[in-house]
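Undergrad: I am attaching a structure below and will ask some questions about it afterwards.
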Amino acid sequence: MADYNFKEIEKKWQDKWEEAHAFEAENGSDKEKFFGLIEFPYPSGQGLHVGHPRSYTAMDIIARKRRMQGYNVLYPIGWDAFGLPAENYAIQNNVHPAVITAKNIANFTRQLKMLGFSFDWSREVNTTDPSYYKWTQWIFLQLFKKGLAYKQEMPINWCTSCNVGLANEEVVNGVCERCGGEVIQKRQSQWMLKITEYAQRLIDDLDDIDFLEKIKTQQRNWIGRSEGAEVKFTLTTGDEMVVYTTRCDTLFGATYTVISPEHPLIEKLADKLTNYEEVKEYQKAASKKSEFERTELAKEKTGVKLLGVNAINPVTGKEIPIFVSDYVLVTYGTGAIMAVPAHDTRDWEFAKKFDLPIIEVVSGGKDVNEEAYTDVASGTMVNSGFLTGMAVKDAIPAMIDYLEKEGLGTRKVNYKLRDWVFSRQRYWGEPIPIIHCPKCGQVPVPEDELPLVLPDMEEFKPGENGESPLANATDWINTTCPCCGAPAKRETDTMPQWAGSSWYFLRYADAHNDNALASKEALDYWTPVDWYNGGMEHTTLHLLYSRFWHKFLFDIGVVPTKEPYQKRTSHGMILGENGEKMSKSRGNVVNPDDVVNEVGADTFRTYEMFLGAFDQSTPWSQQGLKGCYKFIEKVWNLQNIMTDEDGYSPELEKAMHKTIKKVGDDFERMKFNTAIASMMSFLNDVSKKGSITKGEYKTFITLLNPVAPHVTEELWQMLGGEGLLSLAPWPAYDEEKTVDDEIEIVVQINGKIRDKMSVAADLDRAGLEAVAMESARIRELTEGKTIVKIIAVPGKLVNIVVK
RNA sequence: GCGGAUGUGGCGGAAUUGGCAGACGCGCUAGACUUAGGAUCUAGUGAUUUUAUCGUGGGGGUUCAAGUCCCUUCAUCCGCACCA
């Protein structure tokens with residue numbers, strides 16, 4: 001027998017699969033489909049991280065198993081290739097981002113192929129390919145036409161040292177990631193997408209899909225729906241101010257109001273305020289604060305009272321002061337609140353600092369002069385006019401009814417979710433296909449002129465004043481208006497990296513279509529994605545964005561389903577050997593190339609699936625890797641003890657059926673570690689017996705194939721298996737043969753194990769009791785004692801309670 | 001502060017419903033084979049004062065029976081951060 005030569009074997013089968021087009025999905029098939037998806041990678045210069053193959057191997061196992069089960073499987077791959085690292089590299093080294101991107105993709109391709117993933121490479125997509133981003137731009141135009149894309153002035157992060165706009169990810173601890181310079185907020189005109197329009201549907205439709213509960217929770221919290229009321233306050237000047245509250249039941253306890261520094265009311269009241277200058281000063285100071293300072297200083301509340309004007313509490317009729325303070329956000333609700341210090345912690349702190357009255361309107365907590373009582377679930381209304389005596393939960397709707405009847409307020413739902421800032425002042429992204437015409441305004445690039453290709457440039461540095469580098473592409477910018485033909489200028493902002501990834505899975509259905517992002521037939525057949533595995537870090541970004549885009553595409557009739565992904569699961573991180581996150585600076589990075597070179601792809605894959613619970617973070621271990629190598633080698637060496645029978649031996653038959661069941665079930669639940677453990681166990685049984693039949697061997701390598709596809713394919717051929725193992729049928733098991741005839745049961749006395757005995761598996765309660773009482777040991781131990789009770793659980797144990 | 005997790009041997013981790021805690025792997029110990037061992041095989045391996053007792057972060061509870069259920073508390077990690 002030859003030694004296990006993984007280098008030869010792995011290359012051989014990768015070539016064979018490619019020649020046979022073994023993993024290409026079929027369009028127009030009658031078979032049942034399975035669409036498995038992993039997050040397509042950003043092809044970074046560092047190459048593949050060991051974290052990538054964790055997710056890819058997991059879905060590869062599912063995809064390979066489905067294929068063996070007879071499904072028409074689509075397991076595609078592509079490149080999310082726009083993005084900052086390539087652009088920064090380009091700026092520093094004067095290489096076009098497209099050049100470095102192509103190089104990185106070539107390297108990633110080599111690495112992924114080396115790992116034997118059953119991707120359908122014929123459908124490879126690349127977000128930077130004009131034939132791809134043509135459709136990203138097309139979707140943007142549809143959003144624009146429906147009024148869901150609009151341009152607005154927005155504060156952006158601005159590095160005062162580099163003089164450049166930064167993405168949130170580039171701001172670390174309030175300073176510029178690259179130069180350490182101070183970052184402030186600067187107002188700039190930005191493209192926005194109205195994701196808020198879909199807020200409710202993004203919450204509601206979670207009920208119909210199979211996402212991990214923690215993912216749903218995180219999305220719901222992020223969207224942040226709250227039900228409350230908008231309440232009108234009349235001012236002593238006759239003006240009106242609307243506040244948003246979720247606790248209108250506490251209105252009788254509102255002793256002041258607060259507006260945000262950016263609130264328009266300040267300008268409106270300018271000539272009536274006796275301390276306008278002071279208010280302006282506060283406003284200015286607040287605007288200067290960076291995001292960092294605002295959160296850092298969050299503990300200490302500041303504010304200025306408006307002098308010369310008061311608000312009137314609509315239910316008590318009392319005059320109460322108005323403050324301006326930056327603890328109220330202009331972006332949420334109406335940018336104005338009613339403050340109830342007795343029942344809101346923030347208001348309470350503010351009231352203490354400014355010595356404002358605290359009126360208890362809900363009883364049941366501690367002294368409201370000591371701390372705010374915020375419990376809504378219990379508590380009774382006091383000092384609250386017609387609400388007095390009611391429970392809080394009844395008082396809320398009662399007050400809303402009252403406000404609506406009296407015309408003092410209305411029911412209102414608010415969301416924390418904000419519209420999506422869609423502009424980037426960067427080169428390496430999809431150009432936004434809009435033309436600015438002095439006469440016609442924002443005019444979409446005609447669809448038949450798509451793709452609007454990125455101009456070739458030599459300098460990628462951002463322009464003056466935070467403009468996109470495209471501002472320097474004079475030939476490209478200057479164009480004519482598609483509407484009136486007058487000279488006009490192109491939009492110079494590009495799209496964020498999230499654009500191309502918001503719809504890429506659709507392109508896989510029909511990757512080479514020139515007339516549509518994918519044909520209707522292909523989308524009808526393949527969508528939705530059946531199973532999508534990815535990282536938790538994308539839950540409120542990519543995963544939410546793509547759900548939004550998909551719903552929009554559903555609304556305009558482009559896709560047949562309202563949700564893009566039927567099932568979403570998530571993997572844990574692989575940490576460095578020291579238990580810390582892998583990073584270059586910590587020097588604990590494991591390179592997949594080295595691992596494969598040392599032990600081969602099959603061992604690498606097996607180890608990545610065996611090292612711990614799939615959904616949990618686990619440290620890498622070089623020793624553990626070796627253990628998996630030994631396992632694969634043992635599988636190879638089974639040839640030495642193989643007998644020629646095709647069936648299963650009587651000794652191993654039960655173990656075989658149990659293993660088939662366990663492995664199949666565990667794969668489905670993504671319990672890959674225990675699936676592999678059960679295969680190892682089976683191998684231990686074989687070792688004990690000293691031989692394995694050809695039939696057992698074949699079944700065993702079929703179970704192992706999704707995990708370690710190369711070595712099992714080689715063994716399959718050696719054992720005379722027909723065709724490719726990767727396309728052979730998944731083994732069946734006989735339920736009856738997965739249960740033992742005889743089992744060991746435990747006999748306890750007062751919950752302590754005192755004896756074990758072998759009985760028929762189906763022995764009933766009475767039988768169990770009788771057998772237990774026959775035991776010499778049990779008799780000895782119970783002698784002279786009173787038996788209070790005997791609990792017998794068939795298949796499990798007998799517990800005798802004595803006194 | 002809010003939300004989400006996690007806590008089990010020397011280590012990574014098992015334990016579908018409350019029913020033998022520690023599967024499987026690593027490491028370690030002893031033995032075999034060997035010129036050699038970071039190879040292979042065999043046996044052992046939670047702790048202890050070993051007829052037994054104690055053991056799943058700590059404390060309390062429910063139960064014949066708790067890693068699992070309830071209450072409480074501590075620690076670590078991740079996400080969000082004044083959302084009225």
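Labels for the structure tokens follow display order: chains A, B, ..., residues from 1 in each chain, ligands from 1.
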Would you return as a VMD selection string the members of stretch 181-419 of chain A that DSSP assigns to strand (DSSP E or B) on this structure's backbone?

TA: chain A and resid 182 to 193 210 to 211 225 to 235 240 to 245 256 to 259 304 to 312 319 to 324 336 to 339 362 to 363 380 to 381 391 409 to 415

Undergrad: Please provide as a list in words all residues within 8 Å of stretch 542-555 of chain A, with the sequence filter that same-chain residues fewer than 5 positions apart are discarded (counting only C-alpha atoms (C1' of nucleotides)).

TA: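 The residues that qualify are Leu143, Ile195, Tyr198, Leu202, Gln219, Trp498, Ser501, Ser502, Trp503, Pro560, Thr561, Lys562, Glu563 and Pro564 of chain A.
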
Undergrad: Considering only C-alpha atoms (C1' of nucleotides), state which residue in the set B:C20, B:A75, B:C54, B:A36 is at the smallest distance from A:Arg754.

TA: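 Ranking B:C20, B:A75, B:C54, B:A36 by distance to A:Arg754, first place goes to B:C20.
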
Undergrad: Show me, as a list of chain:residue names, every residue of chain B with an atom at most 7 Å from chain A, counting only C-alpha atoms (C1' of nucleotides).

TA: B:G4, B:G12, B:G13, B:G19, B:C20, B:C24, B:G25, B:C26, B:C64, B:A65, B:C82, B:C83, B:A84

Undergrad: Would you list the contacts of B:C77 as a PyMOL selection string, taking every protein, DNA or RNA residue within 12 Å and counting only C-alpha atoms (C1' of nucleotides), but skipping same-chain residues closer than 4 positions in sequence?

TA: (chain A and resi 573+579-581+616-617) or (chain B and resi 4-7)

Undergrad: Okay, now the selection with C-alpha atoms (C1' of nucleotides), as a short mmCIF file (atom, residue, chain, number, x, y, z; two decimals), in the first residue's frame?

TA:
data_model
loop_
_atom_site.label_atom_id
_atom_site.label_comp_id
_atom_site.auth_asym_id
_atom_site.auth_seq_id
_atom_site.Cartn_x
_atom_site.Cartn_y
_atom_site.Cartn_z
CA MET A 573 -14.17 33.45 15.03
CA GLY A 579 -6.67 33.00 22.62
CA GLU A 580 -6.46 36.53 21.19
CA LYS A 581 -7.84 37.76 17.92
CA GLN A 616 -18.45 29.88 18.87
CA SER A 617 -15.01 31.50 18.95
"C1'" G B 4 -26.58 39.59 22.90
"C1'" A B 5 -23.60 35.68 24.33
"C1'" U B 6 -20.16 32.68 27.30
"C1'" G B 7 -18.37 30.32 32.03
#

Undergrad: Atom CA of A:Thr160 and atom CA of A:Glu87 are how many Å apart?

TA: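 Computed distance, atom CA of A:Thr160 to atom CA of A:Glu87, equals 20.3 Å.
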
Undergrad: Within 8 Å of stretch 632-637 of chain A, counting only C-alpha atoms (C1' of nucleotides), which residues qualify if same-chain residues fewer than 6 places away don't, as a PyMOL selection string?

TA: chain A and resi 4+602-603+683+711+715

Undergrad: If we count only C-alpha atoms (C1' of nucleotides) and set the cut-off at 9 Å, which residues sit around B:C69, ignoring sequence neighbours fewer than 3 positions away in its own chain? Please answer as a VMD selection string.

TA: chain B and resid 18 62 66

Undergrad: Taking N, CA and C atoms (P, O5', C5', C4', C3', O3' and C1' of nucleotides) for each residue, export the selection above as an mmCIF file, in the first residue's frame.

TA:
data_model
loop_
_atom_site.group_PDB
_atom_site.id
_atom_site.type_symbol
_atom_site.label_atom_id
_atom_site.label_comp_id
_atom_site.auth_asym_id
_atom_site.auth_seq_id
_atom_site.Cartn_x
_atom_site.Cartn_y
_atom_site.Cartn_z
ATOM 1 P P G B 18 -36.739 18.678 29.803
ATOM 2 O "O5'" G B 18 -35.357 18.037 30.221
ATOM 3 C "C5'" G B 18 -34.268 18.838 30.619
ATOM 4 C "C4'" G B 18 -33.442 18.103 31.631
ATOM 5 C "C3'" G B 18 -33.493 16.591 31.525
ATOM 6 O "O3'" G B 18 -32.243 16.076 31.950
ATOM 7 C "C1'" G B 18 -34.207 17.265 33.656
ATOM 8 P P U B 62 -36.586 23.759 48.152
ATOM 9 O "O5'" U B 62 -37.207 23.496 46.704
ATOM 10 C "C5'" U B 62 -38.417 24.134 46.320
ATOM 11 C "C4'" U B 62 -38.777 23.747 44.909
ATOM 12 C "C3'" U B 62 -38.819 22.241 44.654
ATOM 13 O "O3'" U B 62 -40.052 21.675 45.060
ATOM 14 C "C1'" U B 62 -37.606 23.314 42.921
ATOM 15 P P A B 66 -30.179 16.685 41.611
ATOM 16 O "O5'" A B 66 -30.365 17.054 40.070
ATOM 17 C "C5'" A B 66 -29.501 16.518 39.074
ATOM 18 C "C4'" A B 66 -29.072 17.625 38.133
ATOM 19 C "C3'" A B 66 -28.249 18.730 38.791
ATOM 20 O "O3'" A B 66 -27.324 19.233 37.842
ATOM 21 C "C1'" A B 66 -30.226 19.657 37.940
#

Undergrad: Would you list the contacts of B:G44 as a short mmCIF file (atom, residue, chain, number, x, y, z; two decimals) with N, CA and C atoms (P, O5', C5', C4', C3', O3' and C1' of nucleotides), in the first residue's frame, taking every protein, DNA or RNA residue within 12 Å and counting only C-alpha atoms (C1' of nucleotides), but skipping same-chain residues closer than 3 positions in sequence?

TA:
data_model
loop_
_atom_site.label_atom_id
_atom_site.label_comp_id
_atom_site.auth_asym_id
_atom_site.auth_seq_id
_atom_site.Cartn_x
_atom_site.Cartn_y
_atom_site.Cartn_z
P C B 28 2.98 15.58 25.93
"O5'" C B 28 2.59 15.01 27.36
"C5'" C B 28 2.75 15.81 28.52
"C4'" C B 28 2.12 15.14 29.71
"C3'" C B 28 2.63 13.74 30.01
"O3'" C B 28 3.84 13.76 30.74
"C1'" C B 28 0.27 13.73 30.06
P U B 29 4.90 12.61 30.47
"O5'" U B 29 4.26 11.38 31.24
"C5'" U B 29 4.07 11.42 32.65
"C4'" U B 29 3.47 10.13 33.13
"C3'" U B 29 4.14 8.86 32.61
"O3'" U B 29 5.31 8.54 33.34
"C1'" U B 29 1.80 8.64 32.38
P A B 30 6.52 7.80 32.59
"O5'" A B 30 5.95 6.31 32.45
"C5'" A B 30 5.80 5.49 33.60
"C4'" A B 30 5.05 4.25 33.25
"C3'" A B 30 5.67 3.38 32.16
"O3'" A B 30 6.74 2.59 32.63
"C1'" A B 30 3.36 3.61 31.75
P G B 31 7.94 2.21 31.64
"O5'" G B 31 7.27 1.14 30.68
"C5'" G B 31 6.95 -0.17 31.19
"C4'" G B 31 6.06 -0.89 30.22
"C3'" G B 31 6.69 -1.24 28.87
"O3'" G B 31 7.55 -2.36 28.93
"C1'" G B 31 4.51 -0.37 28.54
#

Undergrad: Taking the DSSP assignment computed from this structure's backbone, write out as a ChimeraX atom specification all residues of stretch 287-501 of chain A that belong to alpha helix (DSSP H).

TA: /A:287-288,291-296,345-354,392-406,474-477

Undergrad: Filtering to N, CA and C atoms, could you give me those residues as a short mmCIF file (atom, residue, chain, number, x, y, z; two decimals), in the first residue's frame?

TA:
data_model
loop_
_atom_site.label_atom_id
_atom_site.label_comp_id
_atom_site.auth_asym_id
_atom_site.auth_seq_id
_atom_site.Cartn_x
_atom_site.Cartn_y
_atom_site.Cartn_z
N SER A 287 -21.92 72.07 18.25
CA SER A 287 -21.62 71.67 16.87
C SER A 287 -20.15 71.36 16.69
N LYS A 288 -19.33 71.96 17.52
CA LYS A 288 -17.89 71.72 17.41
C LYS A 288 -17.49 70.38 18.00
N GLU A 291 -18.02 63.52 17.46
CA GLU A 291 -18.81 62.38 17.91
C GLU A 291 -18.19 61.80 19.18
N PHE A 292 -16.86 61.75 19.16
CA PHE A 292 -16.11 61.18 20.27
C PHE A 292 -16.36 61.94 21.56
N GLU A 293 -16.22 63.26 21.49
CA GLU A 293 -16.42 64.09 22.67
C GLU A 293 -17.83 63.95 23.21
N ARG A 294 -18.77 63.95 22.27
CA ARG A 294 -20.17 63.86 22.69
C ARG A 294 -20.43 62.62 23.50
N THR A 295 -19.86 61.51 23.07
CA THR A 295 -20.09 60.28 23.82
C THR A 295 -19.24 60.24 25.09
N GLU A 296 -18.04 60.78 24.99
CA GLU A 296 -17.15 60.80 26.17
C GLU A 296 -17.75 61.63 27.29
N THR A 345 -34.34 58.70 33.94
CA THR A 345 -33.01 58.88 34.54
C THR A 345 -32.28 60.10 34.00
N ARG A 346 -32.34 60.31 32.69
CA ARG A 346 -31.62 61.45 32.10
C ARG A 346 -32.21 62.77 32.55
N ASP A 347 -33.55 62.82 32.52
CA ASP A 347 -34.23 64.03 32.96
C ASP A 347 -33.95 64.30 34.43
N TRP A 348 -33.87 63.21 35.20
CA TRP A 348 -33.63 63.32 36.63
C TRP A 348 -32.26 63.96 36.90
N GLU A 349 -31.24 63.44 36.18
CA GLU A 349 -29.89 64.00 36.33
C GLU A 349 -29.86 65.48 35.98
N PHE A 350 -30.52 65.82 34.88
CA PHE A 350 -30.56 67.19 34.41
C PHE A 350 -31.28 68.09 35.42
N ALA A 351 -32.39 67.58 35.95
CA ALA A 351 -33.17 68.36 36.93
C ALA A 351 -32.37 68.60 38.20
N LYS A 352 -31.64 67.60 38.63
CA LYS A 352 -30.81 67.75 39.83
C LYS A 352 -29.76 68.84 39.60
N LYS A 353 -29.15 68.79 38.42
CA LYS A 353 -28.08 69.74 38.14
C LYS A 353 -28.61 71.17 38.05
N PHE A 354 -29.78 71.33 37.46
CA PHE A 354 -30.31 72.68 37.26
C PHE A 354 -31.38 73.04 38.31
N VAL A 392 -50.05 51.98 35.23
CA VAL A 392 -49.30 52.65 34.17
C VAL A 392 -49.68 52.13 32.80
N LYS A 393 -49.78 50.80 32.70
CA LYS A 393 -50.01 50.23 31.37
C LYS A 393 -51.40 50.61 30.81
N ASP A 394 -52.34 50.91 31.69
CA ASP A 394 -53.65 51.38 31.23
C ASP A 394 -53.66 52.88 31.00
N ALA A 395 -52.81 53.57 31.76
CA ALA A 395 -52.78 55.03 31.68
C ALA A 395 -52.24 55.51 30.33
N ILE A 396 -51.30 54.74 29.75
CA ILE A 396 -50.70 55.17 28.49
C ILE A 396 -51.76 55.28 27.38
N PRO A 397 -52.52 54.19 27.11
CA PRO A 397 -53.55 54.35 26.06
C PRO A 397 -54.63 55.36 26.45
N ALA A 398 -54.95 55.44 27.73
CA ALA A 398 -55.99 56.39 28.16
C ALA A 398 -55.57 57.82 27.84
N MET A 399 -54.30 58.12 28.10
CA MET A 399 -53.81 59.46 27.82
C MET A 399 -53.77 59.74 26.32
N ILE A 400 -53.35 58.72 25.54
CA ILE A 400 -53.31 58.95 24.09
C ILE A 400 -54.72 59.23 23.56
N ASP A 401 -55.67 58.45 24.02
CA ASP A 401 -57.06 58.68 23.60
C ASP A 401 -57.49 60.11 23.93
N TYR A 402 -57.15 60.51 25.15
CA TYR A 402 -57.52 61.86 25.59
C TYR A 402 -56.89 62.92 24.69
N LEU A 403 -55.56 62.77 24.43
CA LEU A 403 -54.84 63.76 23.62
C LEU A 403 -55.43 63.85 22.22
N GLU A 404 -55.76 62.69 21.66
CA GLU A 404 -56.31 62.68 20.30
C GLU A 404 -57.67 63.34 20.26
N LYS A 405 -58.47 63.06 21.28
CA LYS A 405 -59.81 63.62 21.34
C LYS A 405 -59.77 65.14 21.48
N GLU A 406 -58.81 65.60 22.28
CA GLU A 406 -58.70 67.04 22.54
C GLU A 406 -57.86 67.77 21.50
N THR A 474 -11.37 65.55 -15.39
CA THR A 474 -12.12 66.61 -16.08
C THR A 474 -12.85 66.13 -17.33
N ASP A 475 -12.19 65.30 -18.13
CA ASP A 475 -12.83 64.83 -19.37
C ASP A 475 -14.09 64.04 -19.06
N TRP A 476 -14.03 63.33 -17.98
CA TRP A 476 -15.12 62.43 -17.64
C TRP A 476 -16.29 63.19 -17.03
N ILE A 477 -15.94 64.16 -16.18
CA ILE A 477 -16.98 64.92 -15.48
C ILE A 477 -17.85 65.71 -16.43
#
